[in-house]
Amino acid sequence: MMDQAPLAPQDIAVIGAGLVGSACALALAADGHRVTIYDPDPPGAGTSSGNAGGIVTGAVVPTATPQVLRALPSYLLDRNSPAVLRLRHAVQAAPWLWRFIRAGRPAEVARIAAALWPLVDGSLAAHRHLAGLSGAAGMITDEGWLKVYASEAEFAATAADRLLMDRCGVRYQVLDRDEVMALEPGLNPDLVQIGLHQPESGFVPDPRGLAQSYADAAMARGAQHLRQRVRGVARSPAGVTVHAEPGPQHFDRLVIAAGAWSATLARQLGDRASLDTERGYHLGFGSGTADLLRRPVGLPGLGMVLSPMQDGLRLVSGDELAGLVAPPDFRRIRALVPGAQRAVPGLRGLPVVSEWMGFRPSTPDSLPVIGPSPRGPEVVHAFGHGHLGLTLSAITALIVADAIAGRPPRLDPGPYGIERFS
């Protein structure tokens, strides 16, 4: 996928060692660049570690839709709703929410879905390419992505989502109860009426391990990981200066892949992005429970995904706009445990052994920010992936590497540019 070498190696800083940053580091190091990763934490230790493990190749439905907009009042008033906006964060989030509302109009939803499609459609192939470079092919399996509906009415409520998928060309199968149970015999058949299976999606039971593999492979090609916190960035006549703990360091190029903290860095360089954090939560049931399911299973009626991760079955849920400072609130996800135990009877009587909260870096239009800064190609953005950080990390890395190498873009870069927020 990267068969044309760049004109000359460059010194490139990558801020962020999550899945996106680690993937970018590998793609750039594979192109022969001298890469320095800045992150005080190990690769994949932050938000990248807490997802459900899906590389969802049909994830074209944006977060903002007409159905979601109709439910917005409940996010303020009902503390048990699927998503929550904390009142103390509402004023700060108001500009983001205004853009979110505009993105939920039908014409915008169709446009955004069409822009997401080439990214998600190429996501698994991009991961397999980077996994081949890093010896991590065995970390990506092919069980697919499954959603299960408890009734005909529950499934019918997703008609608009499926229409978007059909228009984009997403490949999926509608399954009856017997077909779902053949895939997932650990489910409670009383909660299974219809399934929607995307068999071409991938699954990563250890996302943190995948990020580590990508980072390790980059370092085997000469990259270095500085466990330092970046305090500021600035453009310079010859490139970019990164101000970290020991002092400033100069680079030819800079890739901003710092997740929820990316907008602050971009602003220092003259670029503005509308970015907020959709907090995500998960609960872990511990070792020995992963065998209860074979793949990630979404249960929309229960507001959760159950996923058989390396460290045990994981209950993933929650969309919470609360900023980066407020303490986590586990009450809503804890209340979902009885539903999880009903959905997977093998969980009954088993305790929750871990709790986690992370910061999804989300744009109001559900599209990531990928590509060079309009103020100069020495800065390249790679953030704002929202719920699709794992899915889109590898293809983002290949797009970034193409831009820096001067190769023709593999897809239209227009929808993902940061200038859309100006």
# chains A, B, ... in the order shown; residues from 1 in each chain; ligands from 1

call {"tool": "residues_around", "arguments": {"residues": "Asp319 of chain A", "least_positions_apart": "6", "cutoff": "6 Å", "atoms": "only C-alpha atoms", "output": "MDAnalysis selection string"}}
result
chainID A and resid 83 278:280

call {"tool": "write_last_selection", "arguments": {"atoms": "N, CA and C atoms", "output": "tab-separated table (two decimals), in the first residue's frame"}}
result
chain	number	residue	atom	x	y	z
A	83	ALA	N	-27.32	8.78	26.61
A	83	ALA	CA	-26.27	9.79	26.57
A	83	ALA	C	-26.62	10.90	27.57
A	278	GLU	N	-16.62	12.75	24.10
A	278	GLU	CA	-17.72	11.85	24.46
A	278	GLU	C	-17.12	10.77	25.36
A	279	ARG	N	-17.33	10.93	26.64
A	279	ARG	CA	-16.76	9.95	27.55
A	279	ARG	C	-17.39	8.58	27.33
A	280	GLY	N	-16.55	7.56	27.32
A	280	GLY	CA	-17.02	6.20	27.24
A	280	GLY	C	-16.63	5.44	28.49

call {"tool": "residues_around", "arguments": {"residues": "segment 133-149 of chain A", "least_positions_apart": "2", "cutoff": "7 Å", "atoms": "only C-alpha atoms", "output": "ChimeraX atom specification"}}
result
/A:54,56,128-131,151,154-155,192-204,210,213-214,217,295-301

call {"tool": "write_last_selection", "arguments": {"atoms": "N, CA and C atoms", "output": "mmCIF file, in the first residue's frame"}}
result
data_model
loop_
_atom_site.group_PDB
_atom_site.id
_atom_site.type_symbol
_atom_site.label_atom_id
_atom_site.label_comp_id
_atom_site.auth_asym_id
_atom_site.auth_seq_id
_atom_site.Cartn_x
_atom_site.Cartn_y
_atom_site.Cartn_z
ATOM 1 N N GLY A 54 -13.833 -3.575 18.038
ATOM 2 C CA GLY A 54 -14.326 -3.763 16.687
ATOM 3 C C GLY A 54 -13.630 -2.889 15.659
ATOM 4 N N VAL A 56 -14.983 -1.835 12.548
ATOM 5 C CA VAL A 56 -16.340 -1.933 12.023
ATOM 6 C C VAL A 56 -16.391 -1.320 10.626
ATOM 7 N N ARG A 128 -4.624 -4.661 8.323
ATOM 8 C CA ARG A 128 -3.884 -5.875 7.951
ATOM 9 C C ARG A 128 -2.526 -5.513 7.358
ATOM 10 N N HIS A 129 -2.455 -4.389 6.654
ATOM 11 C CA HIS A 129 -1.166 -3.948 6.117
ATOM 12 C C HIS A 129 -0.203 -3.603 7.250
ATOM 13 N N LEU A 130 -0.643 -2.788 8.202
ATOM 14 C CA LEU A 130 0.239 -2.418 9.308
ATOM 15 C C LEU A 130 0.539 -3.618 10.198
ATOM 16 N N ALA A 131 -0.443 -4.496 10.369
ATOM 17 C CA ALA A 131 -0.189 -5.700 11.158
ATOM 18 C C ALA A 131 0.859 -6.583 10.490
ATOM 19 N N SER A 151 -36.824 -7.620 19.434
ATOM 20 C CA SER A 151 -38.174 -7.615 18.877
ATOM 21 C C SER A 151 -38.149 -7.054 17.464
ATOM 22 N N GLU A 154 -38.037 -3.268 17.664
ATOM 23 C CA GLU A 154 -36.696 -2.737 17.947
ATOM 24 C C GLU A 154 -35.862 -2.699 16.677
ATOM 25 N N PHE A 155 -35.971 -3.743 15.861
ATOM 26 C CA PHE A 155 -35.243 -3.783 14.603
ATOM 27 C C PHE A 155 -35.793 -2.750 13.624
ATOM 28 N N VAL A 192 -33.369 -12.572 21.768
ATOM 29 C CA VAL A 192 -32.907 -12.616 20.375
ATOM 30 C C VAL A 192 -34.104 -12.821 19.456
ATOM 31 N N GLN A 193 -34.367 -11.838 18.613
ATOM 32 C CA GLN A 193 -35.387 -11.985 17.589
ATOM 33 C C GLN A 193 -34.764 -11.859 16.195
ATOM 34 N N ILE A 194 -33.907 -10.839 16.028
ATOM 35 C CA ILE A 194 -33.270 -10.564 14.739
ATOM 36 C C ILE A 194 -31.833 -10.143 14.997
ATOM 37 N N GLY A 195 -30.953 -10.503 14.113
ATOM 38 C CA GLY A 195 -29.569 -10.064 14.190
ATOM 39 C C GLY A 195 -29.154 -9.351 12.921
ATOM 40 N N LEU A 196 -28.234 -8.411 13.048
ATOM 41 C CA LEU A 196 -27.622 -7.752 11.900
ATOM 42 C C LEU A 196 -26.123 -7.988 12.014
ATOM 43 N N HIS A 197 -25.606 -8.767 11.075
ATOM 44 C CA HIS A 197 -24.211 -9.205 11.132
ATOM 45 C C HIS A 197 -23.418 -8.577 9.992
ATOM 46 N N GLN A 198 -22.281 -7.972 10.339
ATOM 47 C CA GLN A 198 -21.349 -7.452 9.338
ATOM 48 C C GLN A 198 -20.118 -8.365 9.345
ATOM 49 N N PRO A 199 -20.135 -9.412 8.530
ATOM 50 C CA PRO A 199 -19.082 -10.426 8.613
ATOM 51 C C PRO A 199 -17.717 -9.956 8.145
ATOM 52 N N GLU A 200 -17.658 -8.843 7.423
ATOM 53 C CA GLU A 200 -16.371 -8.365 6.913
ATOM 54 C C GLU A 200 -15.660 -7.432 7.892
ATOM 55 N N SER A 201 -16.235 -7.240 9.072
ATOM 56 C CA SER A 201 -15.567 -6.442 10.095
ATOM 57 C C SER A 201 -14.547 -7.290 10.841
ATOM 58 N N GLY A 202 -13.570 -6.622 11.438
ATOM 59 C CA GLY A 202 -12.539 -7.315 12.199
ATOM 60 C C GLY A 202 -12.741 -7.142 13.692
ATOM 61 N N PHE A 203 -11.970 -7.882 14.459
ATOM 62 C CA PHE A 203 -12.058 -7.830 15.914
ATOM 63 C C PHE A 203 -10.657 -7.913 16.497
ATOM 64 N N VAL A 204 -10.382 -7.026 17.454
ATOM 65 C CA VAL A 204 -9.090 -6.971 18.135
ATOM 66 C C VAL A 204 -9.336 -7.161 19.625
ATOM 67 N N LEU A 210 -2.271 -4.125 20.368
ATOM 68 C CA LEU A 210 -2.067 -3.788 18.965
ATOM 69 C C LEU A 210 -1.323 -2.468 18.842
ATOM 70 N N SER A 213 2.231 -3.087 19.545
ATOM 71 C CA SER A 213 2.898 -3.756 18.425
ATOM 72 C C SER A 213 3.241 -2.767 17.323
ATOM 73 N N TYR A 214 2.324 -1.846 17.021
ATOM 74 C CA TYR A 214 2.603 -0.842 16.003
ATOM 75 C C TYR A 214 3.761 0.054 16.448
ATOM 76 N N ALA A 217 7.071 -1.850 16.306
ATOM 77 C CA ALA A 217 7.550 -2.007 14.932
ATOM 78 C C ALA A 217 8.126 -0.694 14.399
ATOM 79 N N ARG A 295 -17.549 -12.833 19.629
ATOM 80 C CA ARG A 295 -17.330 -11.574 18.918
ATOM 81 C C ARG A 295 -18.037 -10.466 19.687
ATOM 82 N N PRO A 296 -17.765 -9.195 19.358
ATOM 83 C CA PRO A 296 -18.535 -8.115 19.972
ATOM 84 C C PRO A 296 -20.005 -8.212 19.569
ATOM 85 N N VAL A 297 -20.876 -8.046 20.554
ATOM 86 C CA VAL A 297 -22.316 -8.126 20.319
ATOM 87 C C VAL A 297 -22.958 -6.841 20.834
ATOM 88 N N GLY A 298 -23.533 -6.060 19.909
ATOM 89 C CA GLY A 298 -24.271 -4.873 20.305
ATOM 90 C C GLY A 298 -25.696 -5.241 20.661
ATOM 91 N N LEU A 299 -26.173 -4.704 21.762
ATOM 92 C CA LEU A 299 -27.543 -4.921 22.215
ATOM 93 C C LEU A 299 -28.207 -3.551 22.343
ATOM 94 N N PRO A 300 -28.671 -2.983 21.224
ATOM 95 C CA PRO A 300 -29.189 -1.613 21.248
ATOM 96 C C PRO A 300 -30.321 -1.407 22.243
ATOM 97 N N GLY A 301 -31.176 -2.399 22.397
ATOM 98 C CA GLY A 301 -32.281 -2.258 23.330
ATOM 99 C C GLY A 301 -31.845 -2.143 24.773
#

call {"tool": "residues_around", "arguments": {"residues": "segment 372-382 of chain A", "least_positions_apart": "6", "cutoff": "6 Å", "atoms": "only C-alpha atoms", "output": "number ranges by chain"}}
result
A: 239, 253-257

call {"tool": "closest_residue", "arguments": {"among": "A:Leu269, A:Ala107, A:Arg177, A:Val120", "to": "His385 of chain A", "atoms": "only C-alpha atoms"}}
result
A:Val120

call {"tool": "closest_residue", "arguments": {"among": "A:Ala340, A:Ile112, A:Leu321, A:Val316", "to": "Glu355 of chain A", "atoms": "only C-alpha atoms"}}
result
A:Val316

call {"tool": "residues_around", "arguments": {"residues": "Gln341 of chain A", "least_positions_apart": "5", "cutoff": "10 Å", "atoms": "only C-alpha atoms", "output": "MDAnalysis selection string"}}
result
chainID A and resid 187:188 336 346:350

call {"tool": "closest_residue", "arguments": {"among": "A:Arg86, A:Arg70, A:Arg162, A:Arg105", "to": "Pro328 of chain A", "atoms": "only C-alpha atoms"}}
result
A:Arg86

call {"tool": "select_by_dssp", "arguments": {"residues": "segment 139-356 of chain A", "states": "strand (DSSP E)", "output": "PyMOL selection string"}}
result
chain A and resi 145-149+173-176+194-198+202-203+224-226+232-236+239-243+248-251+253-256+276-284+297-299+304-309+312-321+354-356

call {"tool": "write_last_selection", "arguments": {"atoms": "C-alpha atoms", "output": "compact mmCIF listing (two decimals), in the first residue's frame"}}
result
# COMPACT_ATOMS: atom_id res chain seq x y z
CA TRP A 145 -19.64 -7.29 14.13
CA LEU A 146 -23.08 -8.38 15.37
CA LYS A 147 -26.08 -6.42 16.62
CA VAL A 148 -28.98 -8.26 18.22
CA TYR A 149 -32.56 -7.02 18.51
CA GLN A 173 -26.70 -9.99 6.72
CA VAL A 174 -30.07 -9.99 8.49
CA LEU A 175 -30.29 -13.13 10.63
CA ASP A 176 -33.17 -14.91 12.34
CA ILE A 194 -33.27 -10.56 14.74
CA GLY A 195 -29.57 -10.06 14.19
CA LEU A 196 -27.62 -7.75 11.90
CA HIS A 197 -24.21 -9.21 11.13
CA GLN A 198 -21.35 -7.45 9.34
CA GLY A 202 -12.54 -7.32 12.20
CA PHE A 203 -12.06 -7.83 15.91
CA GLN A 224 11.95 6.70 19.42
CA HIS A 225 9.29 7.17 22.09
CA LEU A 226 9.96 10.04 24.46
CA GLY A 232 3.46 23.59 23.52
CA VAL A 233 4.10 23.62 19.79
CA ALA A 234 4.99 26.40 17.36
CA ARG A 235 5.76 26.85 13.72
CA SER A 236 9.33 27.83 12.85
CA GLY A 239 9.42 23.43 10.30
CA VAL A 240 7.93 22.99 13.76
CA THR A 241 9.21 23.28 17.31
CA VAL A 242 7.94 20.97 20.04
CA HIS A 243 8.31 22.24 23.61
CA PRO A 248 12.49 22.55 22.66
CA GLN A 249 13.21 20.24 19.76
CA HIS A 250 12.89 21.09 16.07
CA PHE A 251 11.30 18.89 13.38
CA ARG A 253 6.95 17.88 10.24
CA LEU A 254 4.52 17.42 13.11
CA VAL A 255 1.60 14.97 13.33
CA ILE A 256 -1.01 15.86 15.95
CA ASP A 276 -15.30 17.71 22.59
CA THR A 277 -15.02 14.49 24.55
CA GLU A 278 -17.72 11.85 24.46
CA ARG A 279 -16.76 9.95 27.55
CA GLY A 280 -17.02 6.20 27.24
CA TYR A 281 -17.22 3.67 30.07
CA HIS A 282 -16.65 -0.02 30.42
CA LEU A 283 -16.92 -2.69 33.09
CA GLY A 284 -14.85 -5.89 33.04
CA VAL A 297 -22.32 -8.13 20.32
CA GLY A 298 -24.27 -4.87 20.31
CA LEU A 299 -27.54 -4.92 22.22
CA MET A 304 -24.58 -1.72 25.52
CA VAL A 305 -21.98 -3.75 23.67
CA LEU A 306 -20.65 -6.95 25.21
CA SER A 307 -17.24 -7.94 23.90
CA PRO A 308 -14.93 -10.90 24.65
CA MET A 309 -11.67 -9.06 25.25
CA GLY A 312 -12.50 -11.08 29.96
CA LEU A 313 -15.96 -10.07 28.82
CA ARG A 314 -16.33 -6.29 28.67
CA LEU A 315 -19.53 -4.26 28.98
CA VAL A 316 -19.11 -1.05 26.98
CA SER A 317 -21.58 1.81 27.15
CA GLY A 318 -22.06 5.51 27.67
CA ASP A 319 -21.89 8.81 25.83
CA GLU A 320 -21.26 11.62 28.26
CA LEU A 321 -20.33 15.21 27.49
CA SER A 354 -12.79 -3.52 36.86
CA GLU A 355 -14.18 -0.13 35.88
CA TRP A 356 -12.81 2.25 33.24

call {"tool": "closest_residue", "arguments": {"among": "A:Ala405, A:Arg34, A:Arg360, A:Ala29", "to": "Ile12 of chain A", "atoms": "only C-alpha atoms"}}
result
A:Arg34

call {"tool": "closest_atom_pairs", "arguments": {"of": "segment 142-164 of chain A", "to": "segment 60-64 of chain A", "cutoff": "10 Å", "atoms": "only C-alpha atoms", "output": "Markdown table"}}
result
| residue | atom | partner | partner_atom | distance |
| --- | --- | --- | --- | --- |
| A:Ala160 | CA | A:Val61 | CA | 9.3 |
| A:Asp161 | CA | A:Val61 | CA | 6.2 |
| A:Arg162 | CA | A:Val61 | CA | 8.7 |
| A:Leu163 | CA | A:Val61 | CA | 9.8 |
| A:Leu164 | CA | A:Val61 | CA | 6.9 |

call {"tool": "write_last_selection", "arguments": {"atoms": "N, CA and C atoms", "output": "mmCIF file, in the first residue's frame"}}
result
data_model
loop_
_atom_site.group_PDB
_atom_site.id
_atom_site.type_symbol
_atom_site.label_atom_id
_atom_site.label_comp_id
_atom_site.auth_asym_id
_atom_site.auth_seq_id
_atom_site.Cartn_x
_atom_site.Cartn_y
_atom_site.Cartn_z
ATOM 1 N N ALA A 160 -33.833 3.713 9.312
ATOM 2 C CA ALA A 160 -33.084 4.834 8.730
ATOM 3 C C ALA A 160 -31.592 4.528 8.688
ATOM 4 N N ASP A 161 -31.069 3.884 9.726
ATOM 5 C CA ASP A 161 -29.658 3.509 9.734
ATOM 6 C C ASP A 161 -29.355 2.537 8.612
ATOM 7 N N ARG A 162 -30.221 1.571 8.422
ATOM 8 C CA ARG A 162 -29.970 0.574 7.378
ATOM 9 C C ARG A 162 -30.099 1.180 5.987
ATOM 10 N N LEU A 163 -30.959 2.181 5.852
ATOM 11 C CA LEU A 163 -31.056 2.862 4.565
ATOM 12 C C LEU A 163 -29.746 3.571 4.227
ATOM 13 N N LEU A 164 -29.129 4.207 5.231
ATOM 14 C CA LEU A 164 -27.819 4.815 5.012
ATOM 15 C C LEU A 164 -26.791 3.767 4.609
#

call {"tool": "atom_distance", "arguments": {"atom1": "atom CA of Gln67 of chain A", "atom2": "atom CA of Arg420 of chain A"}}
result
24.4 Å

call {"tool": "select_by_dssp", "arguments": {"residues": "segment 80-264 of chain A", "states": "helix (DSSP H, G or I)", "output": "VMD selection string"}}
result
chain A and resid 87 to 103 106 to 121 123 to 134 137 to 139 152 to 156 159 to 168 177 to 183 189 to 191 207 to 220 259 to 264

call {"tool": "atom_distance", "arguments": {"atom1": "atom CA of Thr65 of chain A", "atom2": "atom CA of Trp98 of chain A"}}
result
13.4 Å

call {"tool": "atom_distance", "arguments": {"atom1": "atom CA of Asp365 of chain A", "atom2": "atom CA of Cys168 of chain A"}}
result
17.3 Å
